[in-house]
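What's in upload_25.tsv: TSV, C-alpha atoms
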chain	number	residue	atom	x	y	z
A	1	MET	CA	66.42	224.44	103.55
A	2	SER	CA	68.38	227.62	102.78
A	3	LYS	CA	70.52	227.21	105.93
A	4	ILE	CA	73.64	225.06	105.64
A	5	TRP	CA	74.90	223.76	108.98
A	6	ASP	CA	78.60	223.29	109.67
A	7	ALA	CA	77.73	219.99	111.31
A	8	ILE	CA	74.72	217.84	112.08
A	9	ILE	CA	75.37	215.46	114.93
A	10	ILE	CA	73.19	212.35	115.00
A	11	GLY	CA	72.86	211.32	118.64
A	12	GLY	CA	72.49	213.37	121.80
A	13	GLY	CA	74.41	211.16	124.20
A	14	ALA	CA	77.77	211.74	125.89
A	15	ALA	CA	79.93	211.90	122.74
A	16	GLY	CA	77.39	213.78	120.61
A	17	LEU	CA	76.55	216.51	123.13
A	18	PHE	CA	80.18	217.03	124.13
A	19	CYS	CA	81.31	217.27	120.50
A	20	ALA	CA	78.47	219.73	119.78
A	21	GLY	CA	79.38	221.95	122.72
A	22	VAL	CA	83.06	222.10	121.79
A	23	ALA	CA	82.33	222.73	118.09
A	24	GLY	CA	79.72	225.37	118.88
A	25	GLN	CA	82.13	227.24	121.12
A	26	LEU	CA	84.67	227.16	118.27
A	27	GLY	CA	82.14	229.15	116.23
A	28	LYS	CA	80.55	226.32	114.25
A	29	GLN	CA	76.81	226.19	113.56
A	30	VAL	CA	75.78	222.82	114.95
A	31	LEU	CA	72.50	220.90	114.94
A	32	VAL	CA	72.01	217.85	117.19
A	33	LEU	CA	69.27	215.38	116.26
A	34	ASP	CA	68.10	212.54	118.49
A	35	HIS	CA	65.13	210.15	118.46
A	36	ALA	CA	64.74	210.09	122.25
A	37	GLU	CA	62.25	212.22	124.12
A	38	ILE	CA	64.73	212.75	126.97
A	39	LEU	CA	68.44	213.13	126.19
A	40	GLY	CA	71.25	211.55	128.18
A	41	GLU	CA	69.38	208.56	129.58
A	42	LYS	CA	72.44	206.29	129.42
A	43	ILE	CA	74.42	208.92	131.33
A	44	ARG	CA	71.65	209.21	133.91
A	45	ILE	CA	71.60	205.49	134.73
A	46	SER	CA	75.39	205.04	134.64
A	47	GLY	CA	77.45	204.43	137.74
A	48	GLY	CA	74.41	203.62	139.84
A	49	GLY	CA	72.98	207.06	139.05
A	50	ARG	CA	76.19	208.90	139.90
A	51	CYS	CA	78.03	208.60	136.55
A	52	ASN	CA	81.59	207.28	136.57
A	53	PHE	CA	82.49	210.17	134.23
A	54	THR	CA	86.20	209.41	133.73
A	55	ASN	CA	89.23	207.68	135.22
A	56	LEU	CA	92.33	209.40	136.59
A	57	HIS	CA	94.56	206.78	134.94
A	58	SER	CA	92.84	206.47	131.55
A	59	SER	CA	95.42	205.56	128.89
A	60	PRO	CA	95.57	203.57	125.63
A	61	THR	CA	96.23	200.37	127.63
A	62	ASN	CA	92.66	200.62	129.00
A	63	PHE	CA	91.03	200.14	125.59
A	64	LEU	CA	90.27	197.23	123.26
A	65	SER	CA	90.39	197.72	119.49
A	66	LEU	CA	91.63	195.78	116.48
A	67	ASN	CA	94.06	198.71	116.20
A	68	PRO	CA	95.16	199.44	119.78
A	69	HIS	CA	97.12	202.50	118.58
A	70	PHE	CA	94.02	204.26	117.21
A	71	VAL	CA	93.03	205.82	120.55
A	72	LYS	CA	96.41	207.40	121.23
A	73	SER	CA	95.96	210.70	119.37
A	74	ALA	CA	92.53	211.56	120.75
A	75	LEU	CA	93.40	210.57	124.33
A	76	ALA	CA	96.61	212.61	124.20
A	77	ARG	CA	94.76	215.71	122.95
A	78	TYR	CA	91.96	215.44	125.50
A	79	PRO	CA	93.14	213.46	128.55
A	80	SER	CA	91.00	212.82	131.62
A	81	LYS	CA	92.49	215.78	133.49
A	82	GLU	CA	90.84	218.14	130.96
A	83	PHE	CA	87.36	216.78	131.59
A	84	ILE	CA	88.02	216.85	135.34
A	85	LYS	CA	88.85	220.56	135.01
A	86	LEU	CA	85.55	221.11	133.19
A	87	VAL	CA	83.61	219.22	135.88
A	88	SER	CA	85.31	221.30	138.59
A	89	SER	CA	84.52	224.54	136.75
A	90	TYR	CA	80.81	223.70	137.13
A	91	GLY	CA	81.20	223.22	140.87
A	92	ILE	CA	80.37	219.52	140.63
A	93	ASN	CA	81.73	217.63	143.61
A	94	TYR	CA	83.15	214.18	142.90
A	95	HIS	CA	85.07	211.38	144.57
A	96	GLU	CA	87.46	208.59	143.62
A	97	LYS	CA	85.87	205.23	144.30
A	98	HIS	CA	88.35	202.58	143.19
A	99	GLN	CA	91.46	202.48	140.97
A	100	GLY	CA	91.03	206.04	139.68
A	101	GLN	CA	87.28	205.84	139.01
A	102	LEU	CA	85.64	209.25	139.46
A	103	PHE	CA	81.94	209.58	140.38
A	104	CYS	CA	79.67	212.56	141.04
A	105	ASP	CA	78.98	213.00	144.76
A	106	ASP	CA	75.39	213.91	143.99
A	107	SER	CA	73.87	212.79	140.68
A	108	ALA	CA	74.64	211.80	137.09
A	109	LYS	CA	72.17	214.52	136.09
A	110	GLN	CA	74.93	217.03	136.88
A	111	ILE	CA	76.96	215.69	133.93
A	112	ILE	CA	73.91	215.92	131.65
A	113	ASP	CA	73.33	219.51	132.82
A	114	LEU	CA	77.01	220.28	132.16
A	115	LEU	CA	76.76	218.99	128.60
A	116	MET	CA	73.56	220.93	127.93
A	117	ALA	CA	75.15	224.09	129.36
A	118	GLU	CA	78.21	223.62	127.13
A	119	CYS	CA	75.88	223.28	124.12
A	120	ALA	CA	74.04	226.44	125.18
A	121	LYS	CA	77.36	228.33	125.37
A	122	GLY	CA	78.06	227.21	121.81
A	123	ARG	CA	74.56	228.19	120.61
A	124	VAL	CA	73.95	224.60	119.53
A	125	THR	CA	70.48	223.77	118.19
A	126	ILE	CA	69.05	220.55	119.63
A	127	ARG	CA	65.97	218.85	118.20
A	128	ASN	CA	64.35	215.80	119.72
A	129	PRO	CA	62.50	213.55	119.36
A	130	VAL	CA	63.28	213.42	115.63
A	131	VAL	CA	63.35	210.38	113.35
A	132	ILE	CA	66.20	210.27	110.81
A	133	GLU	CA	64.80	208.90	107.55
A	134	SER	CA	67.91	209.06	105.37
A	135	ILE	CA	71.43	210.46	105.08
A	136	ALA	CA	72.85	211.13	101.62
A	137	GLN	CA	75.80	212.89	100.04
A	138	ASP	CA	75.00	215.77	97.69
A	139	GLN	CA	78.19	216.88	95.98
A	140	GLU	CA	80.12	218.86	98.63
A	141	HIS	CA	77.25	218.77	101.15
A	142	TRP	CA	75.22	216.19	103.06
A	143	LEU	CA	71.43	215.90	103.16
A	144	VAL	CA	69.74	214.63	106.29
A	145	GLN	CA	66.07	213.80	105.82
A	146	THR	CA	63.97	213.66	109.00
A	147	ASN	CA	60.29	213.30	109.78
A	148	ALA	CA	60.35	217.06	110.40
A	149	GLY	CA	61.94	218.02	107.09
A	150	SER	CA	65.28	218.11	105.30
A	151	GLU	CA	68.56	219.65	106.48
A	152	LYS	CA	71.78	220.43	104.60
A	153	THR	CA	75.21	220.32	106.24
A	154	LYS	CA	78.94	220.36	105.52
A	155	SER	CA	79.53	217.46	107.92
A	156	VAL	CA	77.61	214.60	109.53
A	157	VAL	CA	78.77	213.20	112.85
A	158	MET	CA	77.44	209.77	113.81
A	159	ALA	CA	77.23	209.52	117.61
A	160	THR	CA	74.36	207.13	118.27
A	161	GLY	CA	76.31	204.84	120.60
A	162	GLY	CA	75.97	201.06	120.61
A	163	LEU	CA	73.45	198.31	121.21
A	164	PRO	CA	73.41	197.94	125.03
A	165	VAL	CA	70.28	198.77	127.03
A	166	PRO	CA	67.69	198.57	124.20
A	167	ALA	CA	65.02	199.68	126.69
A	168	ILE	CA	66.35	203.25	126.49
A	169	GLY	CA	66.38	203.29	122.69
A	170	ALA	CA	69.81	201.91	121.79
A	171	THR	CA	70.17	201.09	118.08
A	172	ALA	CA	72.78	200.05	115.51
A	173	TYR	CA	72.04	203.12	113.36
A	174	SER	CA	75.66	204.36	113.20
A	175	LEU	CA	76.76	200.92	112.03
A	176	ASP	CA	74.02	200.90	109.38
A	177	ILE	CA	75.22	204.26	108.07
A	178	ALA	CA	78.83	203.05	108.08
A	179	LYS	CA	77.83	200.06	105.96
A	180	GLN	CA	75.72	202.26	103.67
A	181	PHE	CA	78.82	204.27	102.80
A	182	GLY	CA	81.12	201.28	102.43
A	183	LEU	CA	82.97	201.37	105.75
A	184	SER	CA	83.90	198.08	107.41
A	185	VAL	CA	82.22	197.12	110.67
A	186	VAL	CA	83.75	194.81	113.27
A	187	ASP	CA	80.92	192.48	114.37
A	188	PRO	CA	79.44	193.91	117.59
A	189	ARG	CA	78.86	191.88	120.73
A	190	PRO	CA	77.96	192.69	124.34
A	191	ALA	CA	80.84	193.75	126.61
A	192	LEU	CA	81.20	194.53	130.31
A	193	VAL	CA	78.41	192.01	130.78
A	194	PRO	CA	77.70	189.21	133.31
A	195	LEU	CA	78.38	185.61	132.22
A	196	SER	CA	75.90	182.74	132.51
A	197	PHE	CA	76.64	179.08	133.19
A	198	THR	CA	74.91	175.75	132.83
A	199	ALA	CA	74.12	173.80	136.00
A	200	ASP	CA	76.66	171.06	135.26
A	201	THR	CA	79.59	173.48	134.82
A	202	PHE	CA	78.75	175.68	137.79
A	203	GLY	CA	78.02	172.91	140.26
A	204	ASP	CA	77.25	173.76	143.86
A	205	LEU	CA	78.13	177.44	143.52
A	206	TYR	CA	74.53	178.32	142.58
A	207	ASP	CA	73.76	177.99	146.29
A	208	LEU	CA	76.21	180.82	147.03
A	209	ALA	CA	74.34	183.55	145.11
A	210	GLY	CA	74.97	186.98	146.58
A	211	LEU	CA	78.53	186.22	147.69
A	212	SER	CA	81.18	188.72	146.62
A	213	LEU	CA	84.97	188.63	147.04
A	214	PRO	CA	88.18	189.90	145.40
A	215	VAL	CA	89.84	187.50	142.93
A	216	ARG	CA	92.37	187.40	140.12
A	217	ILE	CA	90.65	186.57	136.83
A	218	ALA	CA	92.04	185.70	133.39
A	219	SER	CA	90.24	185.49	130.04
A	220	GLY	CA	91.02	185.38	126.32
A	221	SER	CA	94.41	184.67	124.74
A	222	LYS	CA	97.03	186.42	122.62
A	223	GLY	CA	95.66	184.82	119.47
A	224	HIS	CA	92.15	186.21	119.89
A	225	ARG	CA	90.60	189.36	118.47
A	226	TYR	CA	91.44	191.57	121.46
A	227	GLY	CA	94.10	189.44	123.16
A	228	ALA	CA	94.10	188.30	126.79
A	229	CYS	CA	93.44	189.95	130.13
A	230	ARG	CA	94.20	189.53	133.80
A	231	PHE	CA	92.41	191.63	136.42
A	232	ASN	CA	92.34	191.85	140.20
A	233	GLU	CA	88.74	192.78	140.97
A	234	ASP	CA	85.65	191.62	142.87
A	235	VAL	CA	83.53	188.74	141.59
A	236	LEU	CA	79.85	188.35	142.46
A	237	LEU	CA	78.14	184.96	142.43
A	238	THR	CA	74.57	185.16	141.14
A	239	HIS	CA	71.68	182.77	140.44
A	240	LYS	CA	72.55	182.95	136.73
A	241	GLY	CA	76.33	182.70	137.00
A	242	LEU	CA	79.05	185.26	137.64
A	243	SER	CA	79.00	189.05	137.69
A	244	GLY	CA	80.84	191.85	139.48
A	245	PRO	CA	83.70	194.01	138.15
A	246	ALA	CA	86.09	191.05	137.64
A	247	VAL	CA	83.68	189.19	135.36
A	248	LEU	CA	82.52	192.33	133.54
A	249	GLN	CA	86.16	193.06	132.68
A	250	ALA	CA	86.84	189.47	131.62
A	251	SER	CA	83.70	189.36	129.43
A	252	SER	CA	85.23	191.79	126.94
A	253	TYR	CA	88.04	189.32	126.26
A	254	TRP	CA	86.07	186.09	126.60
A	255	VAL	CA	85.62	183.97	123.48
A	256	GLU	CA	82.61	181.66	123.21
A	257	GLY	CA	83.47	178.03	123.90
A	258	GLU	CA	86.56	178.86	125.94
A	259	PRO	CA	86.99	178.92	129.73
A	260	ILE	CA	87.72	181.75	132.11
A	261	HIS	CA	90.21	181.18	134.91
A	262	ILE	CA	89.81	182.41	138.48
A	263	ASP	CA	92.45	182.43	141.21
A	264	TRP	CA	90.25	182.77	144.28
A	265	LEU	CA	93.28	183.63	146.42
A	266	GLY	CA	95.17	185.78	143.88
A	267	ALA	CA	93.78	189.17	144.86
A	268	ILE	CA	94.58	188.58	148.56
A	269	GLU	CA	98.11	187.56	147.56
A	270	VAL	CA	98.53	190.76	145.54
A	271	ALA	CA	97.23	192.85	148.44
A	272	GLY	CA	100.13	191.44	150.51
A	273	GLY	CA	100.53	189.56	153.74
A	274	PHE	CA	99.39	186.22	152.32
A	275	ASN	CA	101.14	183.31	150.63
A	276	CYS	CA	99.18	180.33	149.37
A	277	ASP	CA	102.10	177.89	149.64
A	278	ALA	CA	102.75	178.98	153.24
A	279	LEU	CA	99.09	178.43	154.15
A	280	PHE	CA	99.12	174.90	152.77
A	281	ALA	CA	102.45	174.05	154.44
A	282	ASP	CA	101.73	175.59	157.85
A	283	GLU	CA	102.21	172.85	160.51
A	284	ASP	CA	99.96	174.77	162.91
A	285	ASN	CA	97.05	173.77	160.67
A	286	ARG	CA	97.49	170.00	161.15
A	287	THR	CA	94.64	169.61	163.63
A	288	LYS	CA	92.29	172.06	161.92
A	289	LEU	CA	89.49	171.05	159.56
A	290	THR	CA	90.10	171.73	155.87
A	291	GLU	CA	87.13	174.10	155.61
A	292	THR	CA	88.36	176.00	158.69
A	293	ILE	CA	91.77	176.60	157.08
A	294	LEU	CA	90.13	177.80	153.86
A	295	ALA	CA	87.73	180.03	155.82
A	296	SER	CA	90.74	181.96	157.15
A	297	VAL	CA	91.17	183.45	153.67
A	298	LEU	CA	87.79	182.87	151.96
A	299	PRO	CA	84.15	183.50	152.93
A	300	GLN	CA	82.97	180.59	155.09
A	301	ARG	CA	80.29	179.38	152.67
A	302	LEU	CA	82.75	179.32	149.76
A	303	ALA	CA	85.43	177.59	151.86
A	304	LYS	CA	82.95	174.86	152.73
A	305	ALA	CA	81.86	174.46	149.08
A	306	PHE	CA	85.45	174.03	147.85
A	307	ALA	CA	86.30	171.54	150.62
A	308	GLU	CA	83.16	169.60	149.68
A	309	GLN	CA	84.07	169.56	145.98
A	310	LYS	CA	87.29	167.70	146.82
A	311	ASN	CA	85.60	165.43	149.40
A	312	LEU	CA	87.63	167.05	152.17
A	313	LEU	CA	84.74	168.43	154.21
A	314	GLY	CA	85.12	167.53	157.90
A	315	ARG	CA	88.64	166.14	157.42
A	316	LYS	CA	91.57	167.37	159.49
A	317	TRP	CA	94.47	168.79	157.51
A	318	ALA	CA	96.84	166.11	158.85
A	319	GLU	CA	94.61	163.49	157.22
A	320	VAL	CA	94.79	165.14	153.78
A	321	SER	CA	97.42	163.61	151.49
A	322	LYS	CA	99.93	165.70	149.55
A	323	LYS	CA	98.12	164.74	146.34
A	324	ASP	CA	94.76	165.92	147.67
A	325	ARG	CA	96.29	169.12	149.02
A	326	GLN	CA	97.77	169.82	145.60
A	327	ALA	CA	94.43	169.13	143.91
A	328	LEU	CA	92.69	171.54	146.31
A	329	LYS	CA	95.32	174.20	145.69
A	330	GLU	CA	94.87	173.80	141.92
A	331	LEU	CA	91.10	174.16	142.33
A	332	LEU	CA	91.52	177.37	144.33
A	333	THR	CA	94.25	179.05	142.27
A	334	ASN	CA	93.29	177.94	138.76
A	335	TRP	CA	89.53	177.39	138.83
A	336	SER	CA	88.55	176.95	135.18
A	337	VAL	CA	84.97	177.07	133.92
A	338	LYS	CA	83.32	177.50	130.52
A	339	PRO	CA	80.56	180.13	130.46
A	340	ALA	CA	77.43	179.20	128.50
A	341	GLY	CA	77.17	182.77	127.23
A	342	THR	CA	76.62	186.37	128.29
A	343	LEU	CA	73.42	187.90	129.66
A	344	GLY	CA	73.15	189.89	126.40
A	345	TRP	CA	72.49	193.49	125.39
A	346	LYS	CA	69.99	194.14	128.18
A	347	LYS	CA	72.68	193.66	130.82
A	348	ALA	CA	75.75	194.86	128.86
A	349	GLU	CA	77.28	198.21	129.75
A	350	VAL	CA	78.99	198.77	126.38
A	351	MET	CA	79.38	197.36	122.88
A	352	LEU	CA	82.48	195.58	121.67
A	353	GLY	CA	83.28	196.09	117.97
A	354	GLY	CA	81.81	198.79	115.74
A	355	VAL	CA	83.06	200.93	112.86
A	356	ASP	CA	86.47	199.58	111.89
A	357	THR	CA	89.19	202.07	112.83
A	358	LYS	CA	91.13	201.27	109.65
A	359	ASP	CA	88.46	203.28	107.80
A	360	LEU	CA	88.75	206.31	110.13
A	361	ASP	CA	91.38	209.01	110.66
A	362	GLY	CA	92.52	208.72	114.29
A	363	GLN	CA	93.22	212.46	114.55
A	364	THR	CA	89.82	213.63	113.30
A	365	MET	CA	87.44	210.61	113.49
A	366	MET	CA	86.53	211.25	109.84
A	367	SER	CA	85.93	208.52	107.27
A	368	ARG	CA	88.96	208.05	105.04
A	369	GLN	CA	86.60	207.51	102.09
A	370	HIS	CA	84.02	210.27	102.61
A	371	THR	CA	84.95	213.84	103.45
A	372	GLY	CA	82.64	215.22	106.12
A	373	LEU	CA	81.44	211.88	107.55
A	374	PHE	CA	82.56	211.31	111.15
A	375	PHE	CA	82.05	208.57	113.75
A	376	ILE	CA	82.63	209.13	117.48
A	377	GLY	CA	82.06	207.41	120.81
A	378	GLU	CA	80.83	203.88	121.34
A	379	CYS	CA	79.90	203.16	117.71
A	380	VAL	CA	83.64	203.00	116.87
A	381	ASP	CA	85.63	199.79	117.43
A	382	VAL	CA	87.08	201.18	120.66
A	383	THR	CA	85.89	199.72	123.98
A	384	GLY	CA	87.19	200.79	127.36
A	385	HIS	CA	87.74	198.76	130.47
A	386	LEU	CA	85.26	199.17	133.32
A	387	GLY	CA	85.77	202.30	135.40
A	388	GLY	CA	85.07	205.48	133.44
A	389	HIS	CA	87.22	204.76	130.41
A	390	ASN	CA	84.29	204.56	127.97
A	391	PHE	CA	83.11	208.02	129.00
A	392	GLN	CA	86.67	209.27	128.55
A	393	TRP	CA	86.61	207.89	125.00
A	394	ALA	CA	83.34	209.76	124.38
A	395	TRP	CA	84.93	213.04	125.51
A	396	ALA	CA	88.25	212.47	123.69
A	397	SER	CA	86.76	211.30	120.37
A	398	GLY	CA	84.15	214.08	120.51
A	399	PHE	CA	86.83	216.70	121.14
A	400	ALA	CA	89.05	215.44	118.28
A	401	CYS	CA	86.08	215.50	115.90
A	402	ALA	CA	84.99	218.99	116.98
A	403	GLN	CA	88.42	220.39	116.15
A	404	ALA	CA	88.13	219.03	112.61
A	405	LEU	CA	84.63	220.26	111.74

Now that the file is in, can you turn its structure into structure tokens?
Amino acid sequence: MSKIWDAIIIGGGAAGLFCAGVAGQLGKQVLVLDHAEILGEKIRISGGGRCNFTNLHSSPTNFLSLNPHFVKSALARYPSKEFIKLVSSYGINYHEKHQGQLFCDDSAKQIIDLLMAECAKGRVTIRNPVVIESIAQDQEHWLVQTNAGSEKTKSVVMATGGLPVPAIGATAYSLDIAKQFGLSVVDPRPALVPLSFTADTFGDLYDLAGLSLPVRIASGSKGHRYGACRFNEDVLLTHKGLSGPAVLQASSYWVEGEPIHIDWLGAIEVAGGFNCDALFADEDNRTKLTETILASVLPQRLAKAFAEQKNLLGRKWAEVSKKDRQALKELLTNWSVKPAGTLGWKKAEVMLGGVDTKDLDGQTMMSRQHTGLFFIGECVDVTGHLGGHNFQWAWASGFACAQAL
């Protein structure tokens, strides 16, 4: 144990490997330790195997945290355009899929290879699989005890991610270490996760599993932990409830026991060329069946289900009273339903909560109480919206930390 590392990074995922590569290329002697046999598994399965590695429009407004200002410094110092430059320098072809989301044309493995190459350039030492047995402070140094021996370092960087996808080895180890050294932890819960419903709240929509359409969705409120949201995205009806980008986004703001609100016509309205009031007042529709009118703007099966819910199935529009029309419009534009819960860590893409940012320096990611103890990436109470923002936080927080080692 004669060697003293400049930094030992616990966790060989996106944030850990990127931080290691940057620090190594700045001349630091860096050791990465990970318990997995194969590094980067979460990267490999992300984005349907093509890795949504950042977002063109990533900004502080795309992140949830008890302190929404915490992300500003790191994101400003390493914005998405910097990682895009790095991706381009490796000859990795990519495309924009939706609202600034960037994906590899070929494979997520290209991002893993990039990170490993950056570590190689920085002469980073990587050891895996290794079990961390303890982390302790020893005067001005840190001691990391593993099943392969003991290591001494000037700094420890916790980068073990969050709790989603336990099948690939996700753990709460960074949160355990934070608690061990007296840092506050915001209770974690699954985020970017499908929502489940009971049969009585979901009604006939179970029969429409597999249907997908753009909607406007709202969840949460100003008084809640992370506030409220409103998104225009696609919703997917499933046998268990609701999924798709709209619901994944809303799940991060949803509070147990409270409803989510869906305007089934809102996204079409935003896209232009459609007005709900005009549709309901159009005299040309008088002789048409209610479900036929709805099917002009909604999938046929869904149009029929909504007409049926209001006992308007098979009725001509001229026969529908103003009161019933208003009730149908309310159902379509402010559909309110209480989820029974989420589908949990197995189906969550990220973790909400984590190490409380009040105990970290936003410019360096270092603990305010313990010199040389850093937390980066998903284990911090910073959670991005769907669409590459969580990877951007991994790169930005890793870069800020690397500069401070």

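Here CA of Ser58 (chain A) and CA of Gln249 (chain A) stand 15.0 Å from one another.
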
Got a sec: who's within 12 Å of region 102-113 of chain A, counting all atoms listed in the file, leaving out chain neighbours fewer than 6 positions off, as a count of residues only?
-> 52

Nearest residue to Glu349 (chain A) from the set A:Leu192, A:Leu66, A:Ile260, A:Ala295 (distances using all atoms listed in the file) = A:Leu192

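Nearest residue to Ala136 (chain A), choosing from A:Leu373, A:Cys276, A:Leu332, A:Ala281 and counting all atoms listed in the file: A:Leu373.
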
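Checking A:Ile168, A:Leu208, A:Pro60, A:Leu33 one by one against Val131 (chain A), counting all atoms listed in the file, you find the shortest gap at A:Leu33.
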
For Val235 (chain A), the closest of A:Phe181, A:Trp264, A:Trp5, A:Phe375 counting all atoms listed in the file is A:Trp264

Have region 24-31 of chain A completed to all heavy atoms, please, and pass it along as an mmCIF file, in the coordinates of the input.
data_model
loop_
_atom_site.group_PDB
_atom_site.id
_atom_site.type_symbol
_atom_site.label_atom_id
_atom_site.label_comp_id
_atom_site.auth_asym_id
_atom_site.auth_seq_id
_atom_site.Cartn_x
_atom_site.Cartn_y
_atom_site.Cartn_z
ATOM 1 N N GLY A 24 80.482 224.133 118.809
ATOM 2 C CA GLY A 24 79.720 225.370 118.880
ATOM 3 C C GLY A 24 80.533 226.506 119.461
ATOM 4 O O GLY A 24 80.499 227.648 118.973
ATOM 5 N N GLN A 25 81.301 226.206 120.492
ATOM 6 C CA GLN A 25 82.130 227.240 121.120
ATOM 7 C C GLN A 25 83.337 227.621 120.264
ATOM 8 O O GLN A 25 83.986 228.638 120.506
ATOM 9 C CB GLN A 25 82.560 226.784 122.518
ATOM 10 C CG GLN A 25 81.392 226.739 123.494
ATOM 11 C CD GLN A 25 81.784 226.196 124.854
ATOM 12 O OE1 GLN A 25 82.717 226.676 125.487
ATOM 13 N NE2 GLN A 25 81.066 225.181 125.315
ATOM 14 N N LEU A 26 83.627 226.807 119.254
ATOM 15 C CA LEU A 26 84.670 227.160 118.270
ATOM 16 C C LEU A 26 84.075 227.974 117.113
ATOM 17 O O LEU A 26 84.775 228.281 116.142
ATOM 18 C CB LEU A 26 85.329 225.885 117.728
ATOM 19 C CG LEU A 26 86.246 225.134 118.698
ATOM 20 C CD1 LEU A 26 86.678 223.788 118.106
ATOM 21 C CD2 LEU A 26 87.472 225.976 119.044
ATOM 22 N N GLY A 27 82.780 228.302 117.231
ATOM 23 C CA GLY A 27 82.140 229.150 116.230
ATOM 24 C C GLY A 27 81.386 228.416 115.140
ATOM 25 O O GLY A 27 80.893 229.036 114.189
ATOM 26 N N LYS A 28 81.273 227.098 115.263
ATOM 27 C CA LYS A 28 80.550 226.320 114.250
ATOM 28 C C LYS A 28 79.046 226.337 114.513
ATOM 29 O O LYS A 28 78.608 226.404 115.655
ATOM 30 C CB LYS A 28 81.028 224.858 114.260
ATOM 31 C CG LYS A 28 82.529 224.686 114.035
ATOM 32 C CD LYS A 28 82.953 225.154 112.664
ATOM 33 C CE LYS A 28 84.450 224.933 112.434
ATOM 34 N NZ LYS A 28 84.870 225.433 111.102
ATOM 35 N N GLN A 29 78.272 226.291 113.439
ATOM 36 C CA GLN A 29 76.810 226.190 113.560
ATOM 37 C C GLN A 29 76.447 224.708 113.566
ATOM 38 O O GLN A 29 76.605 224.016 112.555
ATOM 39 C CB GLN A 29 76.129 226.924 112.398
ATOM 40 C CG GLN A 29 76.317 228.439 112.471
ATOM 41 C CD GLN A 29 75.375 229.151 111.530
ATOM 42 O OE1 GLN A 29 75.273 228.793 110.358
ATOM 43 N NE2 GLN A 29 74.677 230.159 112.042
ATOM 44 N N VAL A 30 75.961 224.257 114.724
ATOM 45 C CA VAL A 30 75.780 222.820 114.950
ATOM 46 C C VAL A 30 74.322 222.505 115.279
ATOM 47 O O VAL A 30 73.680 223.197 116.066
ATOM 48 C CB VAL A 30 76.676 222.346 116.120
ATOM 49 C CG1 VAL A 30 76.511 220.844 116.340
ATOM 50 C CG2 VAL A 30 78.145 222.678 115.849
ATOM 51 N N LEU A 31 73.834 221.421 114.656
ATOM 52 C CA LEU A 31 72.500 220.900 114.940
ATOM 53 C C LEU A 31 72.642 219.484 115.470
ATOM 54 O O LEU A 31 73.315 218.647 114.863
ATOM 55 C CB LEU A 31 71.654 220.895 113.652
ATOM 56 C CG LEU A 31 70.296 220.177 113.702
ATOM 57 C CD1 LEU A 31 69.338 220.873 114.669
ATOM 58 C CD2 LEU A 31 69.684 220.091 112.298
#
